[in-house]
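Q: Provided herewith: coords04.pdb, PDB, C-alpha atoms.
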ATOM      1  CA  MET I   1      -4.065  -5.176 -23.525
ATOM      2  CA  ASN I   2      -4.172  -8.857 -24.366
ATOM      3  CA  ASN I   3      -5.671 -10.992 -21.640
ATOM      4  CA  SER I   4      -4.124 -14.383 -21.197
ATOM      5  CA  ASN I   5      -6.139 -17.580 -21.273
ATOM      6  CA  TYR I   6      -7.585 -19.394 -18.300
ATOM      7  CA  PHE I   7      -4.900 -22.077 -18.069
ATOM      8  CA  SER I   8      -2.090 -19.562 -17.953
ATOM      9  CA  ARG I   9      -3.861 -17.660 -15.162
ATOM     10  CA  TRP I  10      -4.420 -20.907 -13.289
ATOM     11  CA  VAL I  11      -0.708 -21.763 -13.430
ATOM     12  CA  PHE I  12       0.181 -18.269 -12.185
ATOM     13  CA  GLY I  13      -2.245 -18.472  -9.250
ATOM     14  CA  PHE I  14      -1.061 -21.990  -8.426
ATOM     15  CA  ILE I  15       2.612 -21.004  -8.256
ATOM     16  CA  ILE I  16       1.951 -17.903  -6.118
ATOM     17  CA  LEU I  17      -0.292 -19.791  -3.685
ATOM     18  CA  LEU I  18       2.140 -22.716  -3.426
ATOM     19  CA  LEU I  19       5.053 -20.377  -2.661
ATOM     20  CA  LEU I  20       2.960 -18.638   0.030
ATOM     21  CA  TRP I  21       2.031 -21.997   1.542
ATOM     22  CA  LEU I  22       5.677 -23.123   1.613
ATOM     23  CA  ALA I  23       6.696 -19.846   3.266
ATOM     24  CA  PHE I  24       4.029 -20.244   5.932
ATOM     25  CA  THR I  25       4.904 -23.869   6.767
ATOM     26  CA  PHE I  26       8.570 -22.991   6.659
ATOM     27  CA  PRO I  27      10.669 -25.889   7.880
ATOM     28  CA  PHE I  28      10.165 -27.777   4.602
ATOM     29  CA  SER I  29       8.646 -31.275   4.737
ATOM     30  CA  LEU I  30       7.225 -33.536   2.035
ATOM     31  CA  PRO I  31       3.709 -34.153   3.465
ATOM     32  CA  GLU I  32       3.187 -30.403   3.648
ATOM     33  CA  LEU I  33       4.348 -30.026   0.042
ATOM     34  CA  TYR I  34       1.733 -32.606  -1.104
ATOM     35  CA  THR I  35      -1.034 -30.926   0.892
ATOM     36  CA  GLY I  36       0.050 -27.555  -0.494
ATOM     37  CA  ILE I  37      -0.025 -28.781  -4.114
ATOM     38  CA  VAL I  38      -3.577 -30.129  -3.745
ATOM     39  CA  VAL I  39      -4.941 -27.093  -1.884
ATOM     40  CA  ALA I  40      -3.173 -24.552  -4.119
ATOM     41  CA  ALA I  41      -4.406 -26.278  -7.290
ATOM     42  CA  PHE I  42      -7.997 -26.277  -6.027
ATOM     43  CA  THR I  43      -7.905 -22.665  -4.777
ATOM     44  CA  ALA I  44      -6.299 -21.455  -7.999
ATOM     45  CA  LEU I  45      -9.031 -23.245  -9.969
ATOM     46  CA  LEU I  46     -11.688 -21.260  -8.105
ATOM     47  CA  THR I  47      -9.937 -17.867  -8.113
ATOM     48  CA  ALA I  48      -7.911 -17.792 -11.368
ATOM     49  CA  LYS I  49     -10.622 -15.772 -13.125
ATOM     50  CA  TYR I  50     -10.207 -12.843 -10.731
ATOM     51  CA  PHE I  51      -6.634 -13.187  -9.529
ATOM     52  CA  ASP I  52      -4.588 -11.853 -12.416
ATOM     53  CA  GLU I  53      -4.901 -10.531 -15.948
ATOM     54  CA  PHE I  54      -1.648 -11.638 -17.488
ATOM     55  CA  GLY I  55      -0.998 -15.230 -16.401
ATOM     56  CA  ILE I  56       2.470 -16.726 -16.506
ATOM     57  CA  SER I  57       3.847 -13.865 -18.608
ATOM     58  CA  SER I  58       4.111 -12.067 -15.235
ATOM     59  CA  PHE I  59       7.085 -14.318 -14.428
ATOM     60  CA  ALA I  60       9.312 -12.781 -17.114
ATOM     61  CA  PRO I  61      12.732 -12.119 -15.499
ATOM     62  CA  GLY I  62      12.587  -8.401 -16.288
ATOM     63  CA  LYS I  63       9.311  -8.021 -14.427
ATOM     64  CA  ILE I  64      10.503  -9.931 -11.354
ATOM     65  CA  LEU I  65      13.678  -7.830 -11.312
ATOM     66  CA  GLY I  66      11.594  -4.655 -11.559
ATOM     67  CA  LEU I  67       9.450  -5.766  -8.622
ATOM     68  CA  LEU I  68      12.551  -6.606  -6.559
ATOM     69  CA  ILE I  69      13.986  -3.141  -7.260
ATOM     70  CA  TYR I  70      10.640  -1.549  -6.391
ATOM     71  CA  ILE I  71      10.384  -3.078  -2.884
ATOM     72  CA  PRO I  72      13.350  -1.211  -1.309
ATOM     73  CA  ILE I  73      12.258   2.011  -3.059
ATOM     74  CA  ILE I  74       8.746   1.870  -1.605
ATOM     75  CA  LEU I  75      10.088   0.915   1.856
ATOM     76  CA  TRP I  76      12.442   3.901   1.778
ATOM     77  CA  GLU I  77       9.599   6.240   0.737
ATOM     78  CA  ILE I  78       7.423   4.877   3.567
ATOM     79  CA  ILE I  79      10.148   5.508   6.149
ATOM     80  CA  LYS I  80      10.861   9.045   4.852
ATOM     81  CA  ALA I  81       7.180   9.987   4.788
ATOM     82  CA  ASN I  82       6.569   8.450   8.218
ATOM     83  CA  ILE I  83       9.216  10.732   9.689
ATOM     84  CA  GLU I  84       7.662  13.767   7.953
ATOM     85  CA  VAL I  85       4.220  12.960   9.365
ATOM     86  CA  ALA I  86       5.731  12.272  12.784
ATOM     87  CA  ILE I  87       7.242  15.778  12.766
ATOM     88  CA  ILE I  88       3.854  17.278  11.833
ATOM     89  CA  VAL I  89       2.080  15.367  14.603
ATOM     90  CA  LEU I  90       4.674  16.324  17.206
ATOM     91  CA  SER I  91       4.926  20.045  16.399
ATOM     92  CA  PRO I  92       2.702  22.144  18.697
ATOM     93  CA  SER I  93       1.156  24.328  15.956
ATOM     94  CA  LEU I  94       0.039  21.326  13.847
ATOM     95  CA  PRO I  95       1.193  22.721  10.465
ATOM     96  CA  ILE I  96      -1.248  20.975   8.099
ATOM     97  CA  GLU I  97      -2.600  22.250   4.774
ATOM     98  CA  PRO I  98      -4.933  19.454   3.670
ATOM     99  CA  ALA I  99      -6.396  19.314   0.163
ATOM    100  CA  ILE I 100      -7.906  16.816  -2.244
ATOM    101  CA  VAL I 101      -6.008  17.193  -5.512
ATOM    102  CA  THR I 102      -6.163  15.439  -8.880
ATOM    103  CA  ALA I 103      -3.247  13.753 -10.599
ATOM    104  CA  LYS I 104      -2.926  11.900 -13.900
ATOM    105  CA  THR I 105      -1.213   8.582 -14.466
ATOM    106  CA  LYS I 106       0.228   7.070 -17.636
ATOM    107  CA  LEU I 107      -0.295   3.483 -16.460
ATOM    108  CA  LYS I 108      -2.881   1.549 -18.464
ATOM    109  CA  SER I 109      -3.534  -1.805 -16.762
ATOM    110  CA  ASN I 110      -5.718  -2.279 -13.698
ATOM    111  CA  ILE I 111      -2.968  -4.069 -11.807
ATOM    112  CA  GLY I 112      -0.583  -1.172 -12.461
ATOM    113  CA  LYS I 113      -3.133   1.359 -11.212
ATOM    114  CA  MET I 114      -3.662  -0.790  -8.126
ATOM    115  CA  PHE I 115       0.063  -0.881  -7.405
ATOM    116  CA  LEU I 116       0.282   2.895  -7.775
ATOM    117  CA  ALA I 117      -2.819   3.592  -5.636
ATOM    118  CA  ASN I 118      -1.592   1.314  -2.862
ATOM    119  CA  SER I 119       1.874   2.886  -2.969
ATOM    120  CA  ILE I 120       0.347   6.364  -2.626
ATOM    121  CA  THR I 121      -1.885   5.276   0.248
ATOM    122  CA  LEU I 122       0.939   3.464   2.050
ATOM    123  CA  THR I 123       3.062   6.598   1.985
ATOM    124  CA  PRO I 124       1.954   8.721   4.938
ATOM    125  CA  GLY I 125       0.664  12.173   4.040
ATOM    126  CA  THR I 126      -1.080  11.055   0.850
ATOM    127  CA  LEU I 127      -4.201   8.928   0.468
ATOM    128  CA  THR I 128      -5.960   7.782  -2.701
ATOM    129  CA  VAL I 129      -9.656   8.611  -2.325
ATOM    130  CA  ASP I 130     -10.819   7.468  -5.767
ATOM    131  CA  ILE I 131      -9.647   6.592  -9.272
ATOM    132  CA  ILE I 132     -11.706   7.501 -12.321
ATOM    133  CA  LYS I 133     -10.070   6.294 -15.552
ATOM    134  CA  ASP I 134      -6.590   7.834 -15.397
ATOM    135  CA  THR I 135      -7.342  10.496 -12.770
ATOM    136  CA  TYR I 136      -6.370   9.936  -9.159
ATOM    137  CA  PHE I 137      -8.089  11.902  -6.392
ATOM    138  CA  ILE I 138      -5.525  12.184  -3.634
ATOM    139  CA  HIS I 139      -5.998  13.604  -0.151
ATOM    140  CA  CYS I 140      -2.762  15.263   0.973
ATOM    141  CA  ILE I 141      -2.013  16.255   4.540
ATOM    142  CA  LYS I 142       0.316  19.022   3.380
ATOM    143  CA  ILE I 143       0.898  20.195  -0.181
ATOM    144  CA  ALA I 144       2.487  23.412  -1.382
ATOM    145  CA  LYS I 145       0.551  23.896  -4.649
ATOM    146  CA  THR I 146      -2.773  22.324  -5.577
ATOM    147  CA  ASP I 147      -2.604  22.372  -9.379
ATOM    148  CA  GLU I 148      -2.688  19.094 -11.251
ATOM    149  CA  LYS I 149       0.781  19.259 -12.762
ATOM    150  CA  TYR I 150       2.532  19.844  -9.464
ATOM    151  CA  ALA I 151       0.551  17.053  -7.792
ATOM    152  CA  THR I 152       1.309  14.642 -10.637
ATOM    153  CA  ASP I 153       5.025  15.369 -10.468
ATOM    154  CA  SER I 154       5.412  15.354  -6.700
ATOM    155  CA  ILE I 155       3.146  12.435  -5.735
ATOM    156  CA  ILE I 156       2.896  10.087  -8.713
ATOM    157  CA  GLY I 157       6.212  10.851 -10.391
ATOM    158  CA  LYS I 158       8.451   9.175  -7.855
ATOM    159  CA  PHE I 159       6.606   5.833  -8.086
ATOM    160  CA  GLU I 160       5.510   5.733 -11.708
ATOM    161  CA  LYS I 161       8.917   5.591 -13.350
ATOM    162  CA  HIS I 162       9.840   2.519 -11.281
ATOM    163  CA  LEU I 163       6.428   0.874 -11.729
ATOM    164  CA  ARG I 164       6.634   1.128 -15.506
ATOM    165  CA  ARG I 165       9.482  -1.384 -15.460
ATOM    166  CA  PHE I 166       7.152  -4.234 -14.544
ATOM    167  CA  VAL I 167       3.531  -3.208 -15.169
ATOM    168  CA  LYS I 168       1.872  -1.492 -18.088
TER     169      LYS I 168
ATOM    170  CA  MET V   1      20.022 -10.690  15.817
ATOM    171  CA  PHE V   2      18.698  -9.864  19.289
ATOM    172  CA  ILE V   3      19.784  -6.223  19.070
ATOM    173  CA  ILE V   4      18.290  -5.749  15.568
ATOM    174  CA  GLY V   5      15.020  -7.231  16.816
ATOM    175  CA  VAL V   6      14.877  -4.952  19.840
ATOM    176  CA  ILE V   7      15.646  -1.871  17.708
ATOM    177  CA  LEU V   8      12.921  -2.785  15.190
ATOM    178  CA  ILE V   9      10.349  -3.353  17.944
ATOM    179  CA  THR V  10      11.282  -0.014  19.535
ATOM    180  CA  ILE V  11      10.782   1.766  16.202
ATOM    181  CA  GLY V  12       7.464   0.003  15.730
ATOM    182  CA  VAL V  13       6.178   0.924  19.172
ATOM    183  CA  THR V  14       7.301   4.537  18.711
ATOM    184  CA  PHE V  15       5.407   4.919  15.435
ATOM    185  CA  SER V  16       2.318   3.218  16.850
ATOM    186  CA  THR V  17       2.348   5.771  19.679
ATOM    187  CA  LEU V  18       2.739   8.622  17.184
ATOM    188  CA  GLY V  19      -0.175   7.208  15.193
ATOM    189  CA  ALA V  20      -2.365   7.249  18.298
ATOM    190  CA  LEU V  21      -1.253  10.802  19.073
ATOM    191  CA  GLY V  22      -2.105  11.887  15.531
ATOM    192  CA  LEU V  23      -5.532  10.305  15.887
ATOM    193  CA  VAL V  24      -6.243  12.608  18.809
ATOM    194  CA  ARG V  25      -4.716  15.789  17.389
ATOM    195  CA  MET V  26      -5.970  15.859  13.782
ATOM    196  CA  PRO V  27      -9.069  17.937  12.983
ATOM    197  CA  ASP V  28     -11.097  15.691  10.633
ATOM    198  CA  LEU V  29     -11.607  12.095   9.574
ATOM    199  CA  TYR V  30      -9.375  12.214   6.508
ATOM    200  CA  ASN V  31      -6.344  13.563   8.351
ATOM    201  CA  ARG V  32      -6.919  11.032  11.105
ATOM    202  CA  LEU V  33      -6.836   8.253   8.528
ATOM    203  CA  GLN V  34      -3.560   9.691   7.246
ATOM    204  CA  THR V  35      -1.776   9.535  10.574
ATOM    205  CA  SER V  36      -3.352   6.490  12.165
ATOM    206  CA  THR V  37      -3.317   3.931   9.370
ATOM    207  CA  LYS V  38       0.070   4.970   8.074
ATOM    208  CA  ALA V  39       2.005   5.205  11.298
ATOM    209  CA  THR V  40       0.344   1.978  12.354
ATOM    210  CA  THR V  41       1.400   0.342   9.095
ATOM    211  CA  LEU V  42       5.068   1.014   9.767
ATOM    212  CA  GLY V  43       4.462   0.355  13.464
ATOM    213  CA  ALA V  44       2.932  -3.070  12.913
ATOM    214  CA  PHE V  45       5.352  -3.904  10.079
ATOM    215  CA  SER V  46       8.430  -3.068  12.116
ATOM    216  CA  THR V  47       7.175  -4.811  15.257
ATOM    217  CA  ILE V  48       6.321  -8.042  13.423
ATOM    218  CA  ILE V  49       9.671  -8.175  11.596
ATOM    219  CA  GLY V  50      11.362  -7.413  14.925
ATOM    220  CA  VAL V  51       9.689 -10.443  16.520
ATOM    221  CA  GLY V  52      11.024 -12.474  13.594
ATOM    222  CA  PHE V  53      14.556 -11.303  14.369
ATOM    223  CA  LEU V  54      14.192 -12.176  18.063
ATOM    224  CA  ASN V  55      13.182 -15.712  17.118
ATOM    225  CA  PRO V  56      14.874 -16.499  13.766
ATOM    226  CA  ALA V  57      12.816 -19.676  13.235
ATOM    227  CA  TRP V  58       9.783 -17.441  12.654
ATOM    228  CA  LEU V  59      11.508 -14.917  10.387
ATOM    229  CA  ILE V  60      10.070 -16.132   7.064
ATOM    230  CA  LYS V  61       6.555 -16.410   8.500
ATOM    231  CA  THR V  62       6.737 -12.919   9.973
ATOM    232  CA  ILE V  63       7.878 -11.512   6.620
ATOM    233  CA  VAL V  64       4.843 -13.131   4.936
ATOM    234  CA  ILE V  65       2.511 -11.679   7.610
ATOM    235  CA  ALA V  66       4.091  -8.216   7.272
ATOM    236  CA  THR V  67       3.669  -8.386   3.483
ATOM    237  CA  PHE V  68      -0.039  -9.121   3.944
ATOM    238  CA  ILE V  69      -0.363  -6.102   6.224
ATOM    239  CA  LEU V  70       1.397  -3.901   3.657
ATOM    240  CA  LEU V  71      -0.960  -5.172   0.931
ATOM    241  CA  THR V  72      -4.245  -4.890   2.852
ATOM    242  CA  ALA V  73      -3.836  -1.765   5.031
ATOM    243  CA  PRO V  74      -3.994   0.767   2.148
ATOM    244  CA  ILE V  75      -7.154  -0.851   0.739
ATOM    245  CA  SER V  76      -9.054  -0.453   4.005
ATOM    246  CA  SER V  77      -7.981   3.163   4.481
ATOM    247  CA  HIS V  78      -8.815   4.008   0.848
ATOM    248  CA  ASN V  79     -12.269   2.452   1.263
ATOM    249  CA  LEU V  80     -12.943   4.332   4.501
ATOM    250  CA  ALA V  81     -11.989   7.645   2.892
ATOM    251  CA  ARG V  82     -14.041   7.034  -0.264
ATOM    252  CA  ALA V  83     -17.137   5.876   1.629
ATOM    253  CA  SER V  84     -16.906   8.835   4.042
ATOM    254  CA  HIS V  85     -16.640  11.294   1.153
ATOM    255  CA  LYS V  86     -19.633   9.762  -0.619
ATOM    256  CA  TRP V  87     -21.575   9.809   2.664
ATOM    257  CA  GLY V  88     -20.883  13.543   2.953
ATOM    258  CA  ILE V  89     -18.634  13.733   5.983
ATOM    259  CA  PRO V  90     -17.171  17.273   5.837
ATOM    260  CA  LEU V  91     -13.507  18.133   5.462
ATOM    261  CA  SER V  92     -11.780  20.350   8.004
ATOM    262  CA  ASP V  93     -11.866  24.161   7.604
ATOM    263  CA  LYS V  94      -8.146  24.180   6.877
ATOM    264  CA  THR V  95      -8.707  22.282   3.612
ATOM    265  CA  SER V  96      -7.759  24.504   0.675
ATOM    266  CA  VAL V  97      -9.382  22.677  -2.274
ATOM    267  CA  ASP V  98     -11.598  19.652  -2.780
ATOM    268  CA  LYS V  99     -11.512  18.630  -6.418
ATOM    269  CA  TYR V 100     -13.368  15.386  -5.840
ATOM    270  CA  ASP V 101     -17.098  15.509  -6.541
ATOM    271  CA  SER V 102     -18.177  12.110  -5.328
ATOM    272  CA  LYS V 103     -21.901  12.552  -5.987
ATOM    273  CA  SER V 104     -21.619  12.794  -9.765
ATOM    274  CA  GLY V 105     -18.339  10.897  -9.989
ATOM    275  CA  LYS V 106     -16.903  13.467 -12.356
ATOM    276  CA  LYS V 107     -14.040  15.903 -12.359
ATOM    277  CA  GLU V 108     -14.915  19.458 -11.491
TER     278      GLU V 108
END
How does this structure look as structure tokens?

A:
Amino acid sequence: MNNSNYFSRWVFGFIILLLLWLAFTFPFSLPELYTGIVVAAFTALLTAKYFDEFGISSFAPGKILGLLIYIPIILWEIIKANIEVAIIVLSPSLPIEPAIVTAKTKLKSNIGKMFLANSITLTPGTLTVDIIKDTYFIHCIKIAKTDEKYATDSIIGKFEKHLRRFVK
Amino acid sequence: MFIIGVILITIGVTFSTLGALGLVRMPDLYNRLQTSTKATTLGAFSTIIGVGFLNPAWLIKTIVIATFILLTAPISSHNLARASHKWGIPLSDKTSVDKYDSKSGKKE
């Protein structure tokens, strides 16, 4: 993976922070825009080293489109899984079969692994305990089979194919 | 707008209640993390967006706040689970397999 240079990362951090600032101070006004530009530039200067690996290449239209498609998918998965866990919690016999299983990912970049781990943890019923290289250790509240292939298909599969559109 | 807001807040409160119920009913720490942090994530998310619908001037701000919750909640629950496993807090008897060997940091 080719890491972008410092300036490109700084521009990326600056744009993200400025957009966040404008969203927070929503009714738009010029003095707030000036303040935001100064503060965002300074903060991005301090944090650009850690904030992102790819710099402005992250703003390629294909990647933004992929992210926009991913948001409704993850929200829908969260709602579905929430209802499943709600049924488990409400049923008198408490039908849980917990296990910590392993699953393999094909994603290479750190940011991609982070997206996948957070998606798994956000979905109720599954929780990422640790990542070692390309192996995810996932605690499941209820899983039918505990072998690696089944876990990879049923937990990672539904997110990975959408994630690969915008992260490596 | 008002009706959407009220529906969203109702959903949020319902899932927060279910999260609290799960916290009481589950047998060990890991399953408690599953129910509490997750149901609370949708609970808090839905409630905050619902407030935004009740008062449309706040809608964009509430969406930003909800996004921050969605980004930070999984990190805290992942860290709690990992630290507990490394500390040696046992899993419940119902657990079928534990493939994570946190002491050596290797696959079994």

Q: Find the residues in chain I near chain V: any atom within 6 Å counts, using only C-alpha atoms. Write them as a short mmCIF file (atom, residue, chain, number, x, y, z; two decimals) with C-alpha atoms, keeping the file's coordinate frame.

A:
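This is the output file part02.cif:
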data_model
loop_
_atom_site.label_atom_id
_atom_site.label_comp_id
_atom_site.auth_asym_id
_atom_site.auth_seq_id
_atom_site.Cartn_x
_atom_site.Cartn_y
_atom_site.Cartn_z
CA PHE I 24 4.03 -20.24 5.93
CA VAL I 89 2.08 15.37 14.60
CA PRO I 98 -4.93 19.45 3.67
CA ALA I 99 -6.40 19.31 0.16
CA ILE I 100 -7.91 16.82 -2.24
CA VAL I 101 -6.01 17.19 -5.51
CA ASN I 118 -1.59 1.31 -2.86
CA THR I 121 -1.88 5.28 0.25
CA LEU I 122 0.94 3.46 2.05
CA PRO I 124 1.95 8.72 4.94
CA GLY I 125 0.66 12.17 4.04
CA THR I 128 -5.96 7.78 -2.70
CA VAL I 129 -9.66 8.61 -2.33
#

Q: Can you work out the spacing between atom CA of Ile88 of chain I and atom CA of Leu116 of chain I in Å, to one decimal?

A: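 So the answer is 24.6 Å.
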
Q: Figure out the distance between atom CA of Asn82 of chain I and atom CA of Ala103 of chain I, please, to one decimal in Å.

A: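 So the two atoms, atom CA of Ala103 of chain I and atom CA of Asn82 of chain I, lie 21.9 Å apart.
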
Q: For atom CA of Glu148 of chain I and atom CA of Ser119 of chain I, determine how far apart the two atoms are, in Å to one decimal place.

A: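 Computing the Euclidean distance for atom CA of Glu148 of chain I and atom CA of Ser119 of chain I yields 18.8 Å.
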
Q: Neighbours of Lys168 of chain I within 10 Å (all atoms listed in the file; same-chain residues fewer than 3 positions away dropped), as a PyMOL selection string?

A: chain I and resi 1+106-113+163-165

Q: Give me the result of the PyMOL selection byres ((chain V and resi 5) around 6) on this file, residue by residue, as a CSV table (one decimal) with C-alpha atoms, keeping the file's coordinate frame.

A:
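File out09.csv, as written:
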chain,number,residue,atom,x,y,z
V,2,PHE,CA,18.7,-9.9,19.3
V,3,ILE,CA,19.8,-6.2,19.1
V,4,ILE,CA,18.3,-5.7,15.6
V,6,VAL,CA,14.9,-5.0,19.8
V,7,ILE,CA,15.6,-1.9,17.7
V,8,LEU,CA,12.9,-2.8,15.2
V,50,GLY,CA,11.4,-7.4,14.9
V,53,PHE,CA,14.6,-11.3,14.4
V,54,LEU,CA,14.2,-12.2,18.1

Q: At a cut-off of 10 Å from (-5.6, 9.4, -8.2) in the coordinates of the file, what residues are picked up using only C-alpha atoms, written as a ChimeraX atom specification?

A: /I:100-105,113,116-117,120,127-139,151-152,155-156

Q: Can you write out the residues you just picked, keeping C-alpha atoms, as a PDB file, in the frame of the given file?

A:
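Saved as result_38.pdb:
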ATOM      1  CA  ILE I 100      -7.906  16.816  -2.244  1.00  0.00           C
ATOM      2  CA  VAL I 101      -6.008  17.193  -5.512  1.00  0.00           C
ATOM      3  CA  THR I 102      -6.163  15.439  -8.880  1.00  0.00           C
ATOM      4  CA  ALA I 103      -3.247  13.753 -10.599  1.00  0.00           C
ATOM      5  CA  LYS I 104      -2.926  11.900 -13.900  1.00  0.00           C
ATOM      6  CA  THR I 105      -1.213   8.582 -14.466  1.00  0.00           C
ATOM      7  CA  LYS I 113      -3.133   1.359 -11.212  1.00  0.00           C
ATOM      8  CA  LEU I 116       0.282   2.895  -7.775  1.00  0.00           C
ATOM      9  CA  ALA I 117      -2.819   3.592  -5.636  1.00  0.00           C
ATOM     10  CA  ILE I 120       0.347   6.364  -2.626  1.00  0.00           C
ATOM     11  CA  LEU I 127      -4.201   8.928   0.468  1.00  0.00           C
ATOM     12  CA  THR I 128      -5.960   7.782  -2.701  1.00  0.00           C
ATOM     13  CA  VAL I 129      -9.656   8.611  -2.325  1.00  0.00           C
ATOM     14  CA  ASP I 130     -10.819   7.468  -5.767  1.00  0.00           C
ATOM     15  CA  ILE I 131      -9.647   6.592  -9.272  1.00  0.00           C
ATOM     16  CA  ILE I 132     -11.706   7.501 -12.321  1.00  0.00           C
ATOM     17  CA  LYS I 133     -10.070   6.294 -15.552  1.00  0.00           C
ATOM     18  CA  ASP I 134      -6.590   7.834 -15.397  1.00  0.00           C
ATOM     19  CA  THR I 135      -7.342  10.496 -12.770  1.00  0.00           C
ATOM     20  CA  TYR I 136      -6.370   9.936  -9.159  1.00  0.00           C
ATOM     21  CA  PHE I 137      -8.089  11.902  -6.392  1.00  0.00           C
ATOM     22  CA  ILE I 138      -5.525  12.184  -3.634  1.00  0.00           C
ATOM     23  CA  HIS I 139      -5.998  13.604  -0.151  1.00  0.00           C
ATOM     24  CA  ALA I 151       0.551  17.053  -7.792  1.00  0.00           C
ATOM     25  CA  THR I 152       1.309  14.642 -10.637  1.00  0.00           C
ATOM     26  CA  ILE I 155       3.146  12.435  -5.735  1.00  0.00           C
ATOM     27  CA  ILE I 156       2.896  10.087  -8.713  1.00  0.00           C
TER      28      ILE I 156
END

Q: When distances are computed from all atoms listed in the file, which of V:Phe68, V:Pro90, V:Gly12, V:Asp28 shows the smallest separation from Ile141 of chain I?

A: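 Residue with the minimum atom-to-atom distance to Ile141 of chain I: V:Asp28.
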
Q: Closest to Ile16 of chain I among I:Leu68, I:Leu33, I:Ile56, I:Ile87, using only C-alpha atoms?

A: I:Ile56

Q: Using 6 Å of padding on each side, determine the axis-aligned box around all atoms of segment 34-41 of chain I present in the file and give its centre and edge lengths in Å to one decimal, as lines of an AutoDock Vina configuration file.

A:
center_x = -1.6
center_y = -28.6
center_z = -3.2
size_x = 18.7
size_y = 20.1
size_z = 20.2
